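Trainee: Pasting in a structure now, in structure tokens, and then I'll have a few things to ask.
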Amino acid sequence: MLEISGLTVTFAKNTVNAFRALDDLSLTLAQGDFITVIGSNGAGKSTLINAICGTLTPDDGRILLAGADITYMREHQRARSIGHLFQDPMKGTAPDMTIEENLALAYSRSRHGGLSRAVRKRDTALFQESLRTFDLGLENRLRTKVGMLSGGERQAMTLLMATISSPKILLLDEHTAALDPAMAEKVLEITRNITQMQGLTTMMITHNIHSALALGNRTIMMDAGRIVLDIQGKERSHITVDTLLAMYRQKSGETLATDRILLTRR
């Protein structure tokens with residue numbers, strides 16, 4: 001589904017402050033893969049997602065999505081095929097519009113390529129049915145303005161907006177980091193249910209090692225713009241947090257101090 005080969009991104013190129021955020025990175029995701037991505041700040045995690053989304057242009061390499069070369073495709077052109085959630089629950093929604101209107105915008109863009117806040121009765125029924133599975137009561141608040149929702153409620157709704165028309169890939173950039181622990185667990189539960197039900201190919205950045213190992217079928221660790229660990233299958237099913245950190249030390253020759261990598265065990 002997703003094929004990345006030789007991807008290189010350099011910030012402040014041709015200056016004394018040049019920094020290689022992605023260094024000849026290659027990665028392949030099969031249809032239905034749910035891959036969790038961990039690594040220290042500056043490892044290249046968000047840069048990787050931004051390159052896939054088209055918010056930055058790589059220096060070199062190729063990105064193929066479902067066989068189509070999207071490396072230099074405009075961001076708005078690839079948006080119909082990519083669902084994207086940010087760390088900030090305030091992003092990706094219109095706070096002065098209702099839940100129903102926000103969902104209608106997302107639904108119309110993904111299906112027709114244009115934007116429309118008009119809501120049809122059958123669309124309302126679809127929105128209510130989908131929201132009901134979240135068990136947050138949002139199906140009864142369709143006329144509530146999104147700005148009135150809590151961060152967790154808003155992030156759950158944004159997740160529905162990103163997946164309502166089954167994108168080719170779902171990208172989650174620390175989408176629970178700004179939530180309190182209870183709501184973060186709830187949003188992760190919703191994430192798991194949606195991706196399993198739709199068979200979505202998913203990439204999730206997280207600083208929580210426990211979540212990285214509990215969700216999905218594959219975990220990669222990045223460092224200095226490269227993938228230093230790629231764990232899946234039987235090896236992943238038996239791995240622990242301590243084992244993962246030991247594997248990182250063996251691969252990189254560095255010790256992951258908690259304050260440096262900002263990873264949490266739970």
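To be explicit about the labels: the chains of the structure tokens are called A, B, and onward in the order shown, and within each one the residues are counted from 1, while ligands get numbers from 1 in the order they are shown.
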Would you pick out the contacts of stretch 72-85 of chain A at 7 Å or less, using only C-alpha atoms, so that residues sharing its chain but fewer than 2 positions from it are not included, and give the list as a PyMOL selection string?
Mentor: chain A and resi 53-55+57+70+87+110+159+162-163+167-173+175
Trainee: If you run DSSP over the backbone, which residues in stretch 35-68 of chain A end up helix (DSSP H, G or I)? Put them as JSON, numbers by chain.
Mentor: {"A": [45, 46, 47, 48, 49, 50, 51, 52, 53]}
Trainee: Set the distance at 12 Å and use only C-alpha atoms: which residues neighbour A:Lys121 once local chain neighbours fewer than 4 positions away are removed? I'd like the list as a ChimeraX atom specification.
Mentor: /A:100,104,125-128
Trainee: Output C-alpha atoms for every residue in that selection, as an mmCIF file, in the first residue's frame.
Mentor:
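Written out: part-v5.cif:
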```
data_model
loop_
_atom_site.group_PDB
_atom_site.id
_atom_site.type_symbol
_atom_site.label_atom_id
_atom_site.label_comp_id
_atom_site.auth_asym_id
_atom_site.auth_seq_id
_atom_site.Cartn_x
_atom_site.Cartn_y
_atom_site.Cartn_z
ATOM 1 C CA GLU A 100 -22.728 17.607 11.883
ATOM 2 C CA ALA A 104 -20.437 16.844 6.285
ATOM 3 C CA ALA A 125 -28.035 8.812 9.988
ATOM 4 C CA LEU A 126 -24.540 7.665 9.000
ATOM 5 C CA PHE A 127 -22.902 10.206 11.312
ATOM 6 C CA GLN A 128 -25.107 9.179 14.239
#
```
Trainee: For atom CA of A:Met247 and atom CA of A:Ile220, determine how far apart the two atoms are, in Å to one decimal place.
Mentor: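 Separation of atom CA of A:Met247 and atom CA of A:Ile220: 11.7 Å.
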Trainee: Calculated over only C-alpha atoms, which of the candidates A:Lys13, A:Lys45, A:Arg249, A:Arg143 has the smallest distance to A:Asp59?
Mentor: A:Lys13
Trainee: Within 10 Å of stretch 227-240 of chain A, counting only C-alpha atoms, which residues qualify if same-chain residues fewer than 3 places away don't, as a ChimeraX atom specification?
Mentor: /A:22-27,35-39,43-45,209-210,213-214,216-224,243-248,251-252
Trainee: How many Å lie between atom CA of A:Ile63 and atom CA of A:Leu48, rounded to one decimal?
Mentor: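 Rounded to one decimal, the two atoms are 10.6 Å apart.
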Trainee: Using only C-alpha atoms, which protein or nucleic acid residues come within 12 Å of stretch 191-193 of chain A? Drop anything in the same chain fewer than 2 positions from it, and give the result as a ChimeraX atom specification.
Mentor: /A:34-35,85,130,133-134,155-160,162-163,170-172,175-176,184-189,195-204,211,214-217
Trainee: When DSSP works through the backbone of this structure, what residues of stretch 53-95 of chain A end up as strand (DSSP E), shown as a PyMOL selection string?
Mentor: chain A and resi 60-65+68-69+82-85
Trainee: Between atom CA of A:Leu65 and atom CA of A:Glu3, what is the distance, to one decimal in Å?
Mentor: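 Taking atom CA of A:Leu65 and atom CA of A:Glu3, their separation equals 6.6 Å.
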Trainee: I need the residue nearest A:Thr144 from this list: A:Met90, A:Leu105, A:Ala30, A:Ile99. Use only C-alpha atoms for the distance.
Mentor: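 Among the listed residues, A:Ile99 lies closest to A:Thr144.
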Trainee: Taking into account only C-alpha atoms, which residue in the set A:Asp33, A:Asp242, A:Asp96, A:Asp180 is nearest to A:Ser150?
Mentor: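 Smallest distance to A:Ser150 is found for A:Asp180.
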Trainee: For A:Thr93, list every protein, DNA or RNA residue within 9 Å, evaluated using only C-alpha atoms, and leave out those in the same chain fewer than 5 positions away; present the list as a ChimeraX atom specification.
Mentor: /A:102,146-147,154,158,161
Trainee: Residues near A:Glu129, anyone? I mean within 12 Å using only C-alpha atoms, not counting same-chain ones fewer than 6 positions away, as JSON, numbers by chain.
Mentor: {"A": [122, 123, 135, 137, 138, 139, 140, 142, 160, 164]}
Trainee: Please dump the current selection as a PDB file, in the first residue's frame; keep C-alpha atoms.
Mentor:
```pdb
ATOM      1  CA  ARG A 122     -29.046   9.806   5.094  1.00  0.00           C
ATOM      2  CA  ASP A 123     -25.695  11.426   5.940  1.00  0.00           C
ATOM      3  CA  ASP A 135     -19.840   5.577  23.453  1.00  0.00           C
ATOM      4  CA  GLY A 137     -22.825  10.508  23.518  1.00  0.00           C
ATOM      5  CA  LEU A 138     -21.759  12.586  20.522  1.00  0.00           C
ATOM      6  CA  GLU A 139     -24.487  11.071  18.352  1.00  0.00           C
ATOM      7  CA  ASN A 140     -26.986  13.113  20.392  1.00  0.00           C
ATOM      8  CA  LEU A 142     -24.805  16.800  16.270  1.00  0.00           C
ATOM      9  CA  LEU A 160     -14.199   9.925  12.379  1.00  0.00           C
ATOM     10  CA  ILE A 164     -15.388   8.246   7.303  1.00  0.00           C
TER      11      ILE A 164
END
```
